[in-house]
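Asker: my_file-v8.txt is reproduced below (compact mmCIF, C-alpha atoms).
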# COMPACT_ATOMS: atom_id res chain seq x y z
CA MET A 1 0.00 0.00 0.00
CA SER A 2 1.28 3.48 -0.83
CA GLU A 3 1.93 6.04 1.90
CA SER A 4 -1.33 7.66 2.99
CA LYS A 5 -1.89 11.33 2.19
CA GLU A 6 -4.26 13.21 4.47
CA PHE A 7 -6.51 16.15 3.67
CA VAL A 8 -9.43 18.02 5.21
CA LEU A 9 -12.63 18.61 3.27
CA LYS A 10 -14.85 21.52 4.29
CA ALA A 11 -18.18 21.89 2.54
CA ALA A 12 -21.37 23.93 2.87
CA CYS A 13 -24.55 24.10 0.81
CA ASP A 14 -28.30 24.32 1.06
CA ALA A 15 -29.68 21.37 3.02
CA THR A 16 -31.18 18.61 0.93
CA SER A 17 -31.10 14.82 0.69
CA GLY A 18 -28.23 12.88 -0.85
CA ILE A 19 -25.33 15.16 0.06
CA VAL A 20 -23.45 12.79 2.35
CA ALA A 21 -24.02 9.80 0.07
CA SER A 22 -22.73 11.70 -2.95
CA VAL A 23 -19.58 12.91 -1.18
CA THR A 24 -18.68 9.67 0.59
CA SER A 25 -19.24 7.45 -2.45
CA TYR A 26 -17.03 9.73 -4.56
CA LEU A 27 -14.24 9.63 -2.00
CA ALA A 28 -14.51 5.86 -1.56
CA ASP A 29 -14.33 5.28 -5.32
CA LEU A 30 -11.02 7.17 -5.39
CA GLY A 31 -9.54 5.12 -2.56
CA CYS A 32 -10.00 7.72 0.19
CA TYR A 33 -10.55 6.53 3.76
CA ILE A 34 -12.71 8.88 5.85
CA ALA A 35 -11.05 8.95 9.28
CA GLU A 36 -13.27 11.63 10.84
CA MET A 37 -16.52 13.27 9.79
CA HIS A 38 -18.83 15.90 11.26
CA GLN A 39 -21.97 17.43 9.85
CA TYR A 40 -24.53 19.98 10.99
CA ASP A 41 -27.93 20.97 9.65
CA ASP A 42 -29.05 24.50 10.43
CA GLU A 43 -32.75 23.71 10.29
CA GLU A 44 -33.76 27.35 10.74
CA ASN A 45 -31.84 28.51 7.66
CA LYS A 46 -31.86 25.20 5.76
CA ARG A 47 -28.07 25.15 5.51
CA PHE A 48 -25.78 22.10 5.65
CA PHE A 49 -22.15 22.03 6.88
CA MET A 50 -19.66 19.18 6.72
CA ARG A 51 -16.02 18.58 7.67
CA ALA A 52 -14.18 15.36 6.90
CA VAL A 53 -10.61 14.20 7.49
CA CYS A 54 -9.62 11.83 4.70
CA ARG A 55 -6.61 9.67 3.84
CA ILE A 56 -5.74 8.78 0.27
CA GLU A 57 -4.77 5.11 0.30
CA SER A 58 -4.67 4.49 -3.45
CA ALA A 59 -1.37 4.78 -5.27
CA GLU A 60 -3.22 6.03 -8.36
CA THR A 61 -4.90 8.93 -6.56
CA SER A 62 -3.51 12.32 -5.57
CA LEU A 63 -5.16 15.28 -3.87
CA ASP A 64 -5.22 17.05 -7.23
CA THR A 65 -7.11 14.09 -8.64
CA VAL A 66 -9.68 14.28 -5.85
CA ARG A 67 -10.12 18.02 -6.34
CA ALA A 68 -10.39 17.76 -10.12
CA GLY A 69 -13.58 15.74 -10.18
CA PHE A 70 -15.26 17.04 -7.05
CA ASP A 71 -17.03 20.03 -8.60
CA ALA A 72 -18.83 17.83 -11.09
CA GLN A 73 -19.79 15.38 -8.35
CA VAL A 74 -21.43 18.01 -6.12
CA ALA A 75 -22.76 20.27 -8.90
CA PRO A 76 -26.42 19.44 -8.06
CA PHE A 77 -25.93 20.90 -4.57
CA ASN A 78 -24.28 24.21 -5.54
CA MET A 79 -21.71 23.44 -2.87
CA GLU A 80 -18.97 25.71 -1.52
CA TRP A 81 -16.00 23.53 -0.65
CA ASP A 82 -12.29 23.42 0.05
CA MET A 83 -9.71 20.65 0.43
CA THR A 84 -6.58 21.30 2.46
CA ASP A 85 -3.46 19.17 2.61
CA THR A 86 -2.69 18.59 6.31
CA ALA A 87 1.01 18.14 5.46
CA SER A 88 1.18 21.84 4.51
CA PRO A 89 0.71 23.94 7.67
CA MET A 90 -0.85 27.38 7.38
CA ARG A 91 1.48 30.34 7.20
CA VAL A 92 0.69 32.72 10.06
CA LEU A 93 1.75 36.31 10.77
CA LEU A 94 1.49 37.52 14.38
CA MET A 95 0.81 41.16 15.29
CA VAL A 96 1.55 42.62 18.72
CA SER A 97 2.05 45.92 20.54
CA LYS A 98 3.50 45.92 24.08
CA PHE A 99 1.54 43.23 25.96
CA ASP A 100 3.45 39.97 25.64
CA HIS A 101 1.26 37.29 27.23
CA CYS A 102 -0.67 36.22 24.10
CA LEU A 103 2.44 36.22 21.93
CA ASP A 104 4.41 34.27 24.52
CA ASP A 105 1.63 31.69 24.83
CA LEU A 106 1.30 31.21 21.06
CA LEU A 107 5.05 30.84 20.64
CA TYR A 108 5.16 28.28 23.46
CA ARG A 109 2.29 26.24 22.02
CA HIS A 110 3.88 26.39 18.58
CA ARG A 111 7.22 25.25 19.98
CA LYS A 112 5.49 22.31 21.70
CA GLY A 113 3.74 21.29 18.49
CA GLU A 114 0.23 22.21 19.61
CA LEU A 115 -0.33 24.70 16.80
CA PRO A 116 0.40 23.35 13.29
CA MET A 117 1.55 26.58 11.68
CA GLU A 118 4.56 28.24 10.12
CA ILE A 119 5.14 31.71 11.57
CA THR A 120 6.11 34.04 8.73
CA ALA A 121 6.81 37.16 10.82
CA ILE A 122 5.98 39.11 13.95
CA VAL A 123 4.83 42.65 13.16
CA SER A 124 4.53 45.34 15.82
CA ASN A 125 3.96 49.07 16.14
CA HIS A 126 6.50 49.06 19.00
CA LYS A 127 9.95 47.53 19.49
CA ASP A 128 9.35 46.15 22.99
CA LEU A 129 8.81 42.53 21.92
CA ARG A 130 11.61 42.32 19.37
CA PRO A 131 13.76 40.22 21.78
CA MET A 132 11.01 37.56 21.96
CA ALA A 133 10.98 37.27 18.17
CA GLU A 134 14.76 37.15 17.94
CA ARG A 135 14.92 34.48 20.64
CA GLU A 136 12.70 32.27 18.47
CA GLY A 137 14.56 33.12 15.27
CA ILE A 138 11.46 34.75 13.79
CA ARG A 139 11.56 37.80 11.54
CA PHE A 140 10.48 40.96 13.41
CA VAL A 141 9.07 43.93 11.52
CA HIS A 142 8.60 47.30 13.21
CA LEU A 143 5.80 49.35 11.65
CA PRO A 144 5.17 52.38 13.90
CA VAL A 145 1.68 53.78 13.37
CA ASN A 146 0.30 57.28 13.81
CA LYS A 147 -2.59 59.24 12.33
CA GLU A 148 -0.48 60.50 9.43
CA ASN A 149 1.03 57.18 8.29
CA LYS A 150 -1.67 54.62 9.20
CA LEU A 151 -2.75 53.80 5.64
CA GLU A 152 0.87 53.76 4.44
CA GLN A 153 1.83 51.27 7.16
CA GLU A 154 -1.20 49.11 6.44
CA ALA A 155 -0.11 48.99 2.81
CA ALA A 156 3.34 47.90 4.01
CA LEU A 157 1.69 45.20 6.11
CA LEU A 158 -0.20 43.89 3.09
CA ASP A 159 3.06 43.82 1.15
CA ILE A 160 4.54 41.60 3.87
CA VAL A 161 1.46 39.35 3.82
CA LYS A 162 1.79 38.90 0.07
CA GLU A 163 5.58 38.51 0.15
CA THR A 164 5.41 35.79 2.81
CA LYS A 165 2.30 34.15 1.35
CA THR A 166 0.66 34.44 4.74
CA ASP A 167 -2.65 32.58 5.16
CA LEU A 168 -3.72 33.94 8.57
CA ILE A 169 -3.04 37.05 10.64
CA VAL A 170 -3.37 36.83 14.42
CA LEU A 171 -3.74 40.04 16.41
CA ALA A 172 -2.17 38.90 19.68
CA ARG A 173 -3.07 42.10 21.59
CA TYR A 174 -2.21 44.44 18.74
CA MET A 175 -3.50 47.74 20.11
CA GLN A 176 -4.37 49.50 16.88
CA ILE A 177 -7.73 49.69 15.13
CA LEU A 178 -7.43 48.44 11.56
CA SER A 179 -8.98 50.52 8.80
CA ASP A 180 -12.20 49.37 7.14
CA GLY A 181 -10.33 48.74 3.92
CA LEU A 182 -7.77 46.48 5.57
CA CYS A 183 -10.48 44.58 7.46
CA LYS A 184 -12.29 43.88 4.21
CA GLU A 185 -9.05 42.80 2.54
CA LEU A 186 -8.38 40.33 5.37
CA ASN A 187 -11.94 39.04 5.68
CA GLY A 188 -11.86 35.56 7.21
CA ARG A 189 -8.06 35.65 7.47
CA ALA A 190 -7.54 37.72 10.64
CA ILE A 191 -8.31 36.77 14.24
CA ASN A 192 -8.41 39.21 17.14
CA ILE A 193 -8.63 38.73 20.91
CA HIS A 194 -10.93 40.99 22.89
CA HIS A 195 -10.38 41.39 26.61
CA SER A 196 -14.03 40.85 27.44
CA PHE A 197 -16.72 38.21 27.30
CA LEU A 198 -18.55 39.99 24.50
CA PRO A 199 -20.74 41.90 24.79
CA GLY A 200 -19.13 43.52 27.80
CA PHE A 201 -17.00 46.38 29.06
CA LYS A 202 -15.50 48.36 26.23
CA GLY A 203 -12.81 51.01 26.20
CA ALA A 204 -9.88 51.49 28.55
CA LYS A 205 -9.17 49.29 31.57
CA PRO A 206 -12.01 46.78 31.14
CA TYR A 207 -10.96 44.74 34.17
CA HIS A 208 -11.00 47.84 36.35
CA GLN A 209 -14.50 48.57 35.06
CA ALA A 210 -15.44 45.00 35.91
CA HIS A 211 -13.99 45.39 39.40
CA GLU A 212 -15.98 48.56 40.01
CA ARG A 213 -19.17 46.79 38.95
CA GLY A 214 -18.49 43.76 41.14
CA VAL A 215 -18.79 41.21 38.34
CA LYS A 216 -18.90 37.50 39.11
CA LEU A 217 -17.64 36.27 35.75
CA ILE A 218 -14.93 37.61 33.45
CA GLY A 219 -13.78 36.35 30.12
CA ALA A 220 -12.22 36.91 26.72
CA THR A 221 -13.49 36.54 23.15
CA ALA A 222 -11.56 35.56 20.02
CA HIS A 223 -13.27 36.58 16.79
CA TYR A 224 -12.66 37.34 13.15
CA VAL A 225 -11.77 40.93 12.33
CA THR A 226 -14.42 43.01 10.57
CA PRO A 227 -14.89 46.74 9.88
CA ASP A 228 -17.37 46.79 12.80
CA LEU A 229 -15.09 47.06 15.83
CA ASP A 230 -15.23 43.94 18.03
CA GLU A 231 -18.37 42.73 16.24
CA GLY A 232 -16.80 39.97 14.12
CA SER A 233 -17.95 36.36 14.09
CA ILE A 234 -17.00 34.72 17.40
CA ILE A 235 -14.75 31.65 17.25
CA SER A 236 -13.94 30.96 20.89
CA GLN A 237 -14.64 32.37 24.35
CA SER A 238 -13.06 31.68 27.72
CA VAL A 239 -14.54 32.57 31.11
CA GLN A 240 -13.40 32.51 34.72
CA PRO A 241 -15.57 32.89 37.84
CA VAL A 242 -14.47 35.64 40.24
CA ASP A 243 -15.83 37.22 43.39
CA HIS A 244 -15.63 40.27 45.66
CA THR A 245 -12.19 39.30 46.99
CA TYR A 246 -10.51 39.91 43.61
CA SER A 247 -8.62 43.19 43.36
CA ALA A 248 -8.36 45.00 40.04
CA ASP A 249 -4.77 43.73 39.63
CA ARG A 250 -5.84 40.15 40.31
CA LEU A 251 -8.62 40.51 37.73
CA VAL A 252 -6.04 41.68 35.22
CA ALA A 253 -3.93 38.58 35.94
CA VAL A 254 -6.91 36.25 35.57
CA GLY A 255 -7.89 38.14 32.44
CA ARG A 256 -4.50 37.43 30.88
CA ASP A 257 -5.15 33.72 31.34
CA THR A 258 -8.58 33.86 29.72
CA GLU A 259 -7.18 35.83 26.78
CA THR A 260 -4.41 33.34 26.07
CA VAL A 261 -6.79 30.37 26.27
CA ALA A 262 -9.46 31.93 24.03
CA LEU A 263 -6.95 33.10 21.43
CA ALA A 264 -4.96 29.87 21.29
CA THR A 265 -8.17 27.86 20.98
CA ALA A 266 -9.45 30.04 18.15
CA VAL A 267 -6.13 29.86 16.29
CA ARG A 268 -6.00 26.07 16.62
CA LEU A 269 -9.59 25.69 15.39
CA HIS A 270 -8.82 27.85 12.36
CA LEU A 271 -5.54 26.05 11.62
CA GLU A 272 -7.36 22.71 11.70
CA ASN A 273 -10.03 23.99 9.30
CA ARG A 274 -12.81 23.54 11.84
CA VAL A 275 -14.46 26.96 11.48
CA PHE A 276 -17.14 28.02 9.01
CA MET A 277 -17.97 31.72 8.80
CA TYR A 278 -21.73 31.95 8.45
CA GLY A 279 -23.38 35.37 8.39
CA ASN A 280 -22.48 37.10 11.65
CA LYS A 281 -21.62 33.86 13.45
CA THR A 282 -19.57 30.71 13.03
CA VAL A 283 -20.15 26.98 12.89
CA VAL A 284 -17.27 25.24 14.69
CA PHE A 285 -16.64 21.49 14.60
CA LYS A 286 -14.56 20.65 17.66
As a first step, turn the structure in this file into structure tokens.

Answerer:
Amino acid sequence: MSESKEFVLKAACDATSGIVASVTSYLADLGCYIAEMHQYDDEENKRFFMRAVCRIESAETSLDTVRAGFDAQVAPFNMEWDMTDTASPMRVLLMVSKFDHCLDDLLYRHRKGELPMEITAIVSNHKDLRPMAEREGIRFVHLPVNKENKLEQEAALLDIVKETKTDLIVLARYMQILSDGLCKELNGRAINIHHSFLPGFKGAKPYHQAHERGVKLIGATAHYVTPDLDEGSIISQSVQPVDHTYSADRLVAVGRDTETVALATAVRLHLENRVFMYGNKTVVFK
């Protein structure tokens, strides 16, 4: 038997009968073994979602072969689909400002093999975290941003994205609001972490606001970036119970933990092709 080649199939279409049978019979005929499969029917909107992990076990079949005939096979369903080779990790660019906890956590998880990605660069509007990038042997790009040069620096960022063939941008506490144009350009390819269990406290010092209100639960939200600030489709959220004994500083410390967990989870889900953007929400196969 030839060496197995693994890929992930993501598919979405209007819900109707025969979808699964059509897909699975096609894959089986080409010598593909389906190792994992999830599906979901949104009955309210009559929409079908599917994710399958497949191994090619036929010497005569390649991923290009599988792709080539798939459109014709699913033509009756008007299906949106994608097949991704799991042997080719996504290329990811990380953006930071001065807070280091999310960057440090992502770099640690990547080093331990938890996040299947290739980091193309770390981009920052400050120089504070350059030593972290250099320690990991990762390219560091300093793009200082002000009101006068914002669009120019965003154009420079896009040049880096194109040059490095970056698939995903992760805003690991990058404390700059992206322009509407850049958000649209990066639609579905940029993840941000918000220091709140959205909807929640917005603006400066959210944990201090939470402390003043005596909250009993704090959290963080990882979502896709859109022109509507902090309104993008939510991928992952992390929460932590607290009580009246927590000082503002302790809330900040707990908040750092929730941010790292929510962001790392969202990045992993995206890297593993488990997320479907769907209107203003997501379908996530865990």

Asker: Which residues are near A:Arg250? Cut-off 12 Å, only C-alpha atoms, ignore same chain within fewer than 4 positions. Put them as an NGL selection string.

Answerer: :A and (207-208 or 210-211 or 218 or 242-246 or 254-257)

Asker: Using all atoms listed in the file, which protein or nucleic acid residues come within 9 Å of stretch 71-77 of chain A? Drop anything in the same chain fewer than 5 positions from it, and give the result as a tab-separated table (two decimals) with C-alpha atoms, in the coordinates of the input.

Answerer:
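File written: part.tsv
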chain	number	residue	atom	x	y	z
A	13	CYS	CA	-24.55	24.10	0.81
A	14	ASP	CA	-28.30	24.32	1.06
A	15	ALA	CA	-29.68	21.37	3.02
A	16	THR	CA	-31.18	18.61	0.93
A	19	ILE	CA	-25.33	15.16	0.06
A	22	SER	CA	-22.73	11.70	-2.95
A	23	VAL	CA	-19.58	12.91	-1.18
A	26	TYR	CA	-17.03	9.73	-4.56

Asker: Determine, counting all atoms listed in the file, which protein, DNA and RNA residues have an atom within 10 Å of an atom of stretch 39-50 of chain A; residues of the same chain fewer than 6 positions away are not included. Present the result as a list in words.

Answerer: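 That gives Leu9, Lys10, Ala11, Ala12, Cys13, Asp14, Ala15, Thr16, Ile19, Val20, Met79, Glu80, Trp81, Arg274, Phe276, Tyr278, Val283, Val284 and Phe285 of chain A.
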
Asker: When you count only C-alpha atoms, which of these residues is closest to A:Asp228: A:Ile119, A:Ala204, A:Ile193, A:Leu178?

Answerer: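 Looking at the shortest contact to A:Asp228, the residue is A:Leu178.
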
Asker: Just the number, please: distance in Å from atom CA of A:Cys54 to atom CA of A:Asp85, one decimal.

Answerer: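 Interatomic distance, atom CA of A:Cys54 to atom CA of A:Asp85: 9.8 Å.
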